[in-house]
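Listing of data.cif; format and content: mmCIF, C-alpha atoms.
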data_entry
loop_
_atom_site.label_atom_id
_atom_site.label_comp_id
_atom_site.auth_asym_id
_atom_site.auth_seq_id
_atom_site.Cartn_x
_atom_site.Cartn_y
_atom_site.Cartn_z
CA MET A 1 150.80 111.70 207.28
CA ARG A 2 154.31 110.64 206.32
CA PRO A 3 153.31 107.26 204.77
CA VAL A 4 150.81 109.10 202.57
CA VAL A 5 153.45 111.53 201.35
CA ILE A 6 155.84 108.68 200.64
CA ALA A 7 153.12 106.76 198.82
CA LEU A 8 152.27 109.83 196.73
CA ALA A 9 155.92 110.47 195.92
CA ALA A 10 156.29 106.83 194.89
CA LEU A 11 153.27 107.08 192.63
CA PHE A 12 154.55 110.21 190.91
CA SER A 13 158.06 108.91 190.41
CA ALA A 14 156.67 105.60 189.14
CA GLY A 15 154.56 107.54 186.66
CA ALA A 16 157.56 109.51 185.48
CA ALA A 17 159.69 106.43 185.15
CA GLN A 18 157.08 104.53 183.17
CA ALA A 19 156.11 107.23 180.69
CA GLU A 20 157.83 106.05 177.55
CA VAL A 21 156.56 108.49 175.00
CA SER A 22 157.86 109.10 171.50
CA VAL A 23 156.74 111.47 168.76
CA SER A 24 157.22 110.46 165.12
CA ASN A 25 156.03 111.22 161.57
CA ALA A 26 155.56 114.88 162.50
CA TRP A 27 154.65 117.13 159.59
CA VAL A 28 152.97 120.42 158.79
CA ARG A 29 151.21 121.73 155.71
CA GLU A 30 152.95 124.42 153.68
CA THR A 31 151.69 128.00 153.94
CA ILE A 32 150.38 129.60 150.75
CA GLY A 33 151.42 133.08 149.61
CA ALA A 34 151.34 135.50 152.52
CA GLY A 35 149.30 133.01 154.56
CA LYS A 36 150.54 132.45 158.10
CA THR A 37 148.33 129.55 159.09
CA SER A 38 149.11 125.86 158.96
CA ALA A 39 148.21 122.62 160.65
CA GLY A 40 150.58 120.06 162.16
CA TYR A 41 150.17 116.34 162.63
CA ALA A 42 152.16 113.57 164.34
CA ARG A 43 152.06 110.10 165.78
CA ILE A 44 152.52 109.85 169.54
CA VAL A 45 153.35 106.39 170.80
CA ASN A 46 153.31 105.54 174.48
CA THR A 47 154.82 102.27 175.68
CA GLY A 48 154.40 103.15 179.34
CA ALA A 49 151.73 104.46 181.70
CA ALA A 50 149.10 106.98 180.64
CA ASP A 51 150.43 110.47 179.95
CA ARG A 52 149.09 113.79 178.76
CA LEU A 53 150.25 116.20 176.09
CA VAL A 54 149.99 119.60 177.76
CA SER A 55 151.52 121.94 175.18
CA VAL A 56 153.28 122.29 171.85
CA SER A 57 155.64 125.09 170.91
CA THR A 58 157.93 126.07 168.06
CA PRO A 59 160.17 129.00 167.26
CA ALA A 60 158.67 128.86 163.75
CA ALA A 61 155.28 130.29 164.73
CA GLY A 62 153.58 132.60 167.20
CA MET A 63 151.06 129.99 168.18
CA ALA A 64 150.95 126.19 168.05
CA ASP A 65 148.01 124.81 170.01
CA VAL A 66 146.40 121.41 169.97
CA HIS A 67 142.94 121.69 168.43
CA GLN A 68 140.23 119.29 167.47
CA SER A 69 138.00 119.72 164.42
CA VAL A 70 134.49 119.05 165.66
CA GLU A 71 131.02 119.59 164.27
CA GLN A 72 128.67 121.63 166.43
CA GLY A 73 125.25 122.77 165.30
CA GLY A 74 126.10 122.20 161.64
CA MET A 75 129.34 124.16 161.86
CA MET A 76 132.88 122.83 161.88
CA ARG A 77 134.81 124.41 164.69
CA MET A 78 138.38 124.03 165.74
CA LEU A 79 138.20 123.74 169.47
CA PRO A 80 141.31 124.18 171.60
CA VAL A 81 142.26 121.02 173.46
CA LYS A 82 143.82 121.95 176.79
CA VAL A 83 145.15 118.51 177.58
CA LEU A 84 145.39 115.55 175.21
CA GLU A 85 145.27 112.17 176.95
CA ILE A 86 147.84 109.70 175.67
CA PRO A 87 146.64 106.23 176.66
CA ALA A 88 148.93 103.75 178.44
CA LYS A 89 150.57 101.32 176.02
CA GLY A 90 148.75 102.99 173.19
CA GLU A 91 149.04 105.78 170.67
CA MET A 92 147.43 109.03 169.70
CA LEU A 93 147.37 110.06 166.09
CA LEU A 94 147.12 113.73 165.19
CA LYS A 95 145.69 113.61 161.67
CA PRO A 96 143.73 115.69 159.12
CA GLY A 97 140.12 116.18 160.21
CA GLY A 98 140.77 115.24 163.84
CA TYR A 99 143.23 116.30 166.51
CA HIS A 100 145.87 118.59 165.04
CA ILE A 101 148.25 121.35 165.96
CA MET A 102 146.81 124.65 164.83
CA ILE A 103 149.67 126.89 163.81
CA MET A 104 149.08 130.62 163.51
CA ASN A 105 151.37 133.53 162.82
CA ALA A 106 154.14 131.58 161.05
CA GLN A 107 157.36 133.59 161.40
CA LYS A 108 158.20 132.96 157.74
CA PRO A 109 156.55 130.92 154.95
CA PHE A 110 156.60 127.15 155.46
CA LYS A 111 158.11 125.79 152.23
CA VAL A 112 157.75 122.18 151.13
CA GLY A 113 160.89 120.29 152.15
CA ASP A 114 161.78 122.64 155.01
CA VAL A 115 162.33 121.06 158.40
CA MET A 116 161.57 122.88 161.63
CA GLU A 117 161.60 122.00 165.30
CA PHE A 118 158.53 121.51 167.45
CA THR A 119 158.62 120.76 171.16
CA PHE A 120 155.90 118.56 172.62
CA THR A 121 155.55 118.83 176.40
CA PHE A 122 154.03 115.91 178.27
CA GLU A 123 152.94 115.83 181.89
CA HIS A 124 155.22 112.89 182.75
CA ALA A 125 157.58 112.41 179.82
CA GLY A 126 158.54 116.09 179.83
CA LYS A 127 159.74 117.91 176.72
CA ILE A 128 160.34 116.05 173.48
CA THR A 129 161.69 118.06 170.56
CA VAL A 130 161.29 116.55 167.10
CA PRO A 131 162.01 117.61 163.52
CA VAL A 132 158.85 118.47 161.60
CA LYS A 133 158.76 118.27 157.80
CA VAL A 134 156.81 120.68 155.63
CA ALA A 135 154.54 118.84 153.17
CA PRO A 136 152.40 120.19 150.31
CA ILE A 137 149.03 121.65 151.29
CA THR A 138 147.46 118.71 149.48
CA ALA A 139 149.25 116.13 151.64
CA THR A 140 147.16 113.91 153.88
CA ALA A 141 149.98 111.99 155.56
CA ALA A 142 153.60 112.47 156.59
CA PRO A 143 155.97 112.98 153.63
CA MET B 1 79.01 151.02 174.98
CA ASP B 2 79.76 150.29 171.32
CA THR B 3 82.37 147.62 172.14
CA PRO B 4 80.30 144.61 170.94
CA TRP B 5 79.73 146.35 167.58
CA LYS B 6 83.43 147.09 167.30
CA LYS B 7 84.27 143.44 167.95
CA LEU B 8 81.76 142.33 165.32
CA LEU B 9 83.16 144.79 162.80
CA ILE B 10 86.72 143.59 163.41
CA ALA B 11 85.60 139.97 163.07
CA LEU B 12 83.87 140.81 159.78
CA VAL B 13 86.94 142.57 158.41
CA PHE B 14 89.09 139.50 159.21
CA ALA B 15 86.51 137.14 157.72
CA VAL B 16 86.37 139.09 154.45
CA ALA B 17 90.17 139.35 154.34
CA GLY B 18 90.41 135.60 154.88
CA ILE B 19 88.00 134.83 152.04
CA VAL B 20 89.80 137.22 149.69
CA THR B 21 93.16 135.63 150.56
CA TYR B 22 91.79 132.10 150.05
CA VAL B 23 90.17 132.90 146.72
CA GLY B 24 93.31 134.69 145.60
CA THR B 25 95.68 131.78 146.30
CA ARG B 26 93.76 128.55 145.78
CA ASP B 27 94.38 128.40 142.04
CA LEU B 28 98.10 129.19 142.08
CA PRO B 29 99.99 126.79 139.79
CA ARG B 30 101.98 124.13 141.63
CA GLY B 31 105.53 124.55 140.40
CA PRO B 32 108.79 124.10 142.22
CA PRO B 33 108.94 126.39 145.25
CA VAL B 34 110.46 129.77 144.52
CA ALA B 35 113.00 129.19 147.30
CA ALA B 36 114.57 126.41 145.21
CA ARG B 37 116.28 129.11 143.16
CA LYS B 38 118.79 130.77 145.40
CA ASP B 39 120.40 133.60 143.51
CA PHE B 40 123.58 135.36 144.51
CA THR B 41 125.95 138.02 143.26
CA LEU B 42 129.65 137.55 143.94
CA ARG B 43 132.99 138.12 142.20
CA ASP B 44 135.48 135.63 140.82
CA THR B 45 139.25 135.92 141.26
CA ALA B 46 139.52 137.89 138.01
CA GLY B 47 137.11 140.49 139.42
CA ALA B 48 134.18 139.54 137.16
CA THR B 49 130.66 139.55 138.59
CA VAL B 50 129.26 136.05 138.98
CA THR B 51 125.61 135.18 139.62
CA LEU B 52 123.69 131.93 139.76
CA ASP B 53 122.91 132.35 136.02
CA SER B 54 126.63 132.39 135.22
CA PHE B 55 126.62 128.62 135.79
CA LYS B 56 123.54 127.85 133.66
CA GLY B 57 123.94 124.50 131.91
CA ARG B 58 126.39 123.12 134.49
CA TRP B 59 125.91 121.38 137.79
CA VAL B 60 127.42 123.42 140.61
CA LEU B 61 129.00 121.92 143.70
CA MET B 62 129.23 124.84 146.10
CA PHE B 63 131.00 124.94 149.44
CA PHE B 64 132.19 127.53 151.91
CA GLY B 65 135.52 128.06 153.62
CA PHE B 66 138.49 130.40 153.94
CA THR B 67 142.14 130.19 153.00
CA SER B 68 143.58 130.63 156.52
CA CYS B 69 141.75 127.46 157.48
CA PRO B 70 144.54 125.06 158.39
CA ASP B 71 142.83 121.69 158.69
CA ILE B 72 139.22 121.52 157.51
CA CYS B 73 139.33 123.46 154.23
CA PRO B 74 142.29 121.65 152.63
CA ASN B 75 140.50 118.39 153.53
CA ALA B 76 137.27 119.60 151.87
CA LEU B 77 139.12 120.75 148.75
CA LEU B 78 140.95 117.43 148.55
CA ASN B 79 137.66 115.59 149.01
CA VAL B 80 136.11 117.48 146.07
CA GLY B 81 139.13 116.78 143.86
CA GLN B 82 139.06 113.06 144.67
CA THR B 83 135.28 112.89 144.19
CA LEU B 84 135.48 114.47 140.73
CA GLU B 85 138.32 112.15 139.81
CA ALA B 86 136.24 109.15 140.91
CA MET B 87 133.33 110.32 138.72
CA GLY B 88 135.31 109.96 135.52
CA PRO B 89 134.21 111.90 132.40
CA ALA B 90 130.88 112.99 134.01
CA ALA B 91 132.92 115.25 136.31
CA LYS B 92 133.21 117.68 133.39
CA GLU B 93 129.53 118.54 133.91
CA ILE B 94 130.23 119.71 137.46
CA GLN B 95 131.66 123.08 138.41
CA PRO B 96 133.13 123.15 141.92
CA VAL B 97 132.74 126.59 143.51
CA PHE B 98 134.53 127.63 146.71
CA ILE B 99 133.05 130.71 148.40
CA THR B 100 135.12 132.44 151.07
CA VAL B 101 133.52 133.37 154.38
CA ASP B 102 136.53 135.58 155.17
CA PRO B 103 136.48 138.25 152.44
CA ALA B 104 138.59 140.61 154.57
CA ARG B 105 141.66 138.37 154.25
CA ASP B 106 140.71 136.41 151.15
CA THR B 107 141.25 138.96 148.42
CA ALA B 108 140.91 137.79 144.81
CA SER B 109 144.65 137.14 144.49
CA VAL B 110 144.93 135.29 147.82
CA LEU B 111 141.99 133.10 146.83
CA LYS B 112 143.40 132.45 143.37
CA ASP B 113 146.87 131.45 144.64
CA TYR B 114 145.38 129.20 147.29
CA LEU B 115 142.92 127.35 145.05
CA ALA B 116 145.56 126.82 142.34
CA ASN B 117 147.08 124.22 144.67
CA PHE B 118 143.98 122.07 144.39
CA GLY B 119 143.72 121.86 140.61
CA ASP B 120 142.70 124.30 137.91
CA ASN B 121 138.94 123.71 137.90
CA ILE B 122 137.79 125.14 141.23
CA ILE B 123 136.25 128.60 140.91
CA GLY B 124 136.84 130.83 143.92
CA LEU B 125 134.27 133.50 144.72
CA THR B 126 134.38 136.42 147.09
CA GLY B 127 132.21 139.47 147.72
CA THR B 128 131.36 142.19 150.18
CA PRO B 129 130.51 141.03 153.71
CA GLU B 130 126.82 141.66 152.85
CA GLU B 131 127.01 139.58 149.66
CA ILE B 132 128.69 136.73 151.55
CA LYS B 133 126.05 136.94 154.27
CA THR B 134 123.28 136.76 151.64
CA VAL B 135 124.65 133.70 149.85
CA THR B 136 125.40 131.82 153.09
CA THR B 137 121.92 132.58 154.46
CA ARG B 138 120.22 131.42 151.25
CA TYR B 139 122.15 128.17 151.24
CA GLN B 140 121.69 127.63 154.99
CA ALA B 141 125.41 127.85 155.54
CA SER B 142 126.69 129.61 158.62
CA PHE B 143 129.92 131.15 159.77
CA ARG B 144 131.25 133.01 162.77
CA LYS B 145 134.48 134.82 163.50
CA ARG B 146 136.36 133.59 166.56
CA HIS B 147 139.38 135.34 168.06
CA THR B 148 142.45 133.27 168.89
CA ASP B 149 145.01 133.61 171.67
CA ASP B 150 147.61 135.21 169.40
CA GLY B 151 145.35 138.19 168.62
CA SER B 152 144.34 136.86 165.23
CA TYR B 153 141.08 135.13 164.33
CA THR B 154 139.69 132.02 162.75
CA MET B 155 136.28 131.23 161.31
CA ASP B 156 133.87 128.56 162.43
CA HIS B 157 131.85 127.57 159.38
CA SER B 158 129.50 124.97 158.01
CA THR B 159 131.10 122.46 155.70
CA ALA B 160 128.23 120.96 153.71
CA PHE B 161 128.53 120.71 149.93
CA GLU B 162 125.54 122.23 148.12
CA LEU B 163 124.43 120.86 144.76
CA ILE B 164 122.71 123.10 142.19
CA SER B 165 121.20 121.73 138.96
CA PRO B 166 122.04 123.05 135.46
CA ASP B 167 118.73 125.00 135.65
CA GLY B 168 119.91 126.82 138.75
CA ILE B 169 117.60 124.89 141.06
CA TYR B 170 118.93 123.94 144.48
CA VAL B 171 119.06 120.14 144.76
CA ARG B 172 120.39 119.20 148.18
CA ALA B 173 123.26 119.40 150.64
CA PHE B 174 125.84 116.71 151.32
CA ARG B 175 127.64 116.06 154.53
CA PRO B 176 131.40 116.40 154.22
CA ASP B 177 132.16 113.07 155.88
CA GLU B 178 131.12 110.91 152.93
CA THR B 179 134.09 109.23 151.28
CA PRO B 180 134.91 110.55 147.77
CA LEU B 181 133.71 107.22 146.33
CA GLU B 182 130.29 107.38 148.08
CA PHE B 183 129.97 111.02 147.18
CA ALA B 184 130.81 110.33 143.51
CA LYS B 185 128.22 107.52 143.32
CA THR B 186 125.48 109.73 144.78
CA LEU B 187 126.29 112.59 142.42
CA LEU B 188 126.30 110.27 139.39
CA THR B 189 122.91 108.84 140.43
CA ILE B 190 121.35 112.29 140.81
CA MET B 191 122.78 113.45 137.49
CA SER B 192 121.61 110.39 135.57
CA GLU B 193 118.10 110.61 137.07
CA ALA B 194 117.87 114.23 135.94
CA LYS B 195 118.50 113.28 132.31
#

Hey, can you dump this file as structure tokens for me?
Amino acid sequence: MRPVVIALAALFSAGAAQAEVSVSNAWVRETIGAGKTSAGYARIVNTGAADRLVSVSTPAAGMADVHQSVEQGGMMRMLPVKVLEIPAKGEMLLKPGGYHIMIMNAQKPFKVGDVMEFTFTFEHAGKITVPVKVAPITATAAP
Amino acid sequence: MDTPWKKLLIALVFAVAGIVTYVGTRDLPRGPPVAARKDFTLRDTAGATVTLDSFKGRWVLMFFGFTSCPDICPNALLNVGQTLEAMGPAAKEIQPVFITVDPARDTASVLKDYLANFGDNIIGLTGTPEEIKTVTTRYQASFRKRHTDDGSYTMDHSTAFELISPDGIYVRAFRPDETPLEFAKTLLTIMSEAK
């Protein structure tokens, strides 16, 4: 029994030690008028072992969930993604038309040039808080 | 007792009805199917009534969405803008039309303010829920309300672009994943073949 527990503990701590995750180029689209919806994008780079993005949060909005735009039966749907796998020694790009952070109930309008904070929580790397820039609604990449 | 006679009578009635139907339809002229004209009645952001005939003489590129759509709709609107740009002067013959599937939130002014961000040539249309249902059904578009965790809602919706000729005849649908350049080439080909 004890060797198994020790082995498990070693595995978990090794995982934690190796998860070298960083979040960069994070941006959101501006909200229009009284609109309270936006989408967020970022580049997640992982130089260590495989990790998973388990949640995103921000004081700027009531909801910030990872979604994926997918086509199903001729309709585009934004499906919630419970856990986003971040490959070992790889990267995951959240970008328009693919994985993105669906932001609802913005606390106040997102104005171009504003910077807000988003916290990305990973299974191994823990919480990473990054500045997120507001870009025009017509932007397709980080400002 | 009279069952066989009844059966015969019924058979006769059907036979006669069949002949009458055949004779009545065999000489119908072969024109474009009536379904190719898909009329609608909606309102623009100035409150004016807009029907299919309002666009007579122009090609219409119609698509459906809603302004609280954070990812897909801005991408579609950008795609249309880039496609028209890639078409050069011929783009003037095309009228892009964005129809909301969320008339409850997309009032005329919300729609107007939103679309203004994507250029000055996109016409936004809204209507009653029944009018929206009619136009989406006729153009084989679909949409569905879906509640989100925060107590709000979003809309699943089809994202094809529908092309209508200057005569008001439905031409075809385009998938949204074509690049603006491919899309522009296809549109230019269709338009030049129609001339």

Taking the file as shown, what set of residues would the PyMOL selection byres ((chain B and resi 154) around 9) give back, as a PDB file with C-alpha atoms, in the frame of the given file?
ATOM      1  CA  MET A  78     138.380 124.030 165.740  1.00  0.00           C
TER       2      MET A  78
ATOM      3  CA  SER B  68     143.580 130.630 156.520  1.00  0.00           C
ATOM      4  CA  CYS B  69     141.750 127.460 157.480  1.00  0.00           C
ATOM      5  CA  ASP B 102     136.530 135.580 155.170  1.00  0.00           C
ATOM      6  CA  ARG B 144     131.250 133.010 162.770  1.00  0.00           C
ATOM      7  CA  LYS B 145     134.480 134.820 163.500  1.00  0.00           C
ATOM      8  CA  ARG B 146     136.360 133.590 166.560  1.00  0.00           C
ATOM      9  CA  HIS B 147     139.380 135.340 168.060  1.00  0.00           C
ATOM     10  CA  THR B 148     142.450 133.270 168.890  1.00  0.00           C
ATOM     11  CA  SER B 152     144.340 136.860 165.230  1.00  0.00           C
ATOM     12  CA  TYR B 153     141.080 135.130 164.330  1.00  0.00           C
ATOM     13  CA  MET B 155     136.280 131.230 161.310  1.00  0.00           C
ATOM     14  CA  ASP B 156     133.870 128.560 162.430  1.00  0.00           C
TER      15      ASP B 156
END

Next on the checklist: For the PyMOL selection byres ((chain A) within 9 of (chain B)), applied here, can you spell out every residue it catches as a PyMOL selection string?
Outcome noted: chain A and resi 29+31-40+62-63+69+71+73-78+96-98+100+102-105+136-140

Checklist outcome for this item: The distance between CA of Thr137 (chain B) and CA of Met62 (chain B) is 13.5 Å

Next on the checklist: Please enumerate the residues selected by the PyMOL selection byres ((chain A and resi 142) around 6) when evaluated against the supplied file, formatted as a list of chain:residue names.
Outcome noted: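 Taken over the shown coordinates, the PyMOL selection byres ((chain A and resi 142) around 6) returns A:Asn25, A:Trp27, A:Ala141, A:Pro143.
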
Item to check | Point-to-point distance in Å for CA of Ile169 (chain B) and CA of Ile99 (chain B) | outcome: 18.1 Å

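Atom pair CA of Phe40 (chain B) / CA of Pro129 (chain B): separated by 12.8 Å.
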
Item to check | Distance criterion (only C-alpha atoms): nearest to Phe174 (chain B) out of B:Ser192, B:Asn121, B:Ala46, B:Val80 | outcome: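 Among the listed residues, the smallest separation from Phe174 (chain B) belongs to B:Val80.
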
Item to check | Nearby residues (only C-alpha atoms) at most 12 Å from Val45 (chain A), same-chain spacing under 5 positions excluded, as a ChimeraX atom specification | outcome: /A:19-25,50-53,85-94,125

Checklist entry - Nearest to Phe110 (chain A) among A:Val56, A:Ile128, A:Ala42, A:Val28, with distances taken over all atoms listed in the file: which residue is it? => result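 Smallest separation from Phe110 (chain A) among the options: A:Val28.
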
Item to check | Top pick for closest residue to Gly47 (chain B), considering B:Pro96, B:Ala104, B:Leu125, B:Ala91 and counting all atoms listed in the file | outcome: B:Leu125

Checklist entry - Of the candidates B:Leu42, B:Val50, B:Ile164, B:Met87, which one gets nearest to Thr189 (chain B) if we count only C-alpha atoms? => result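 Once distances to Thr189 (chain B) are computed over only C-alpha atoms, the minimum belongs to B:Met87.
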
Item to check | Nearest to Lys127 (chain A) by atom-to-atom distance, counting only C-alpha atoms, from A:Arg43, A:Pro109, A:Val81, A:Ser55 | outcome: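 Result for the nearest residue to Lys127 (chain A): A:Ser55.
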
Checklist outcome for this item: Counting all atoms listed in the file, closest pick from A:Pro59, A:Gly48, A:Glu123, A:Ala106 relative to Val83 (chain A) is A:Glu123

Checklist entry - Any idea what's packed within 9 Å of Leu52 (chain B), counting all atoms listed in the file, ignoring anything in its chain fewer than 5 positions away? Could you give it as a PyMOL selection string? => result chain B and resi 37-41+168
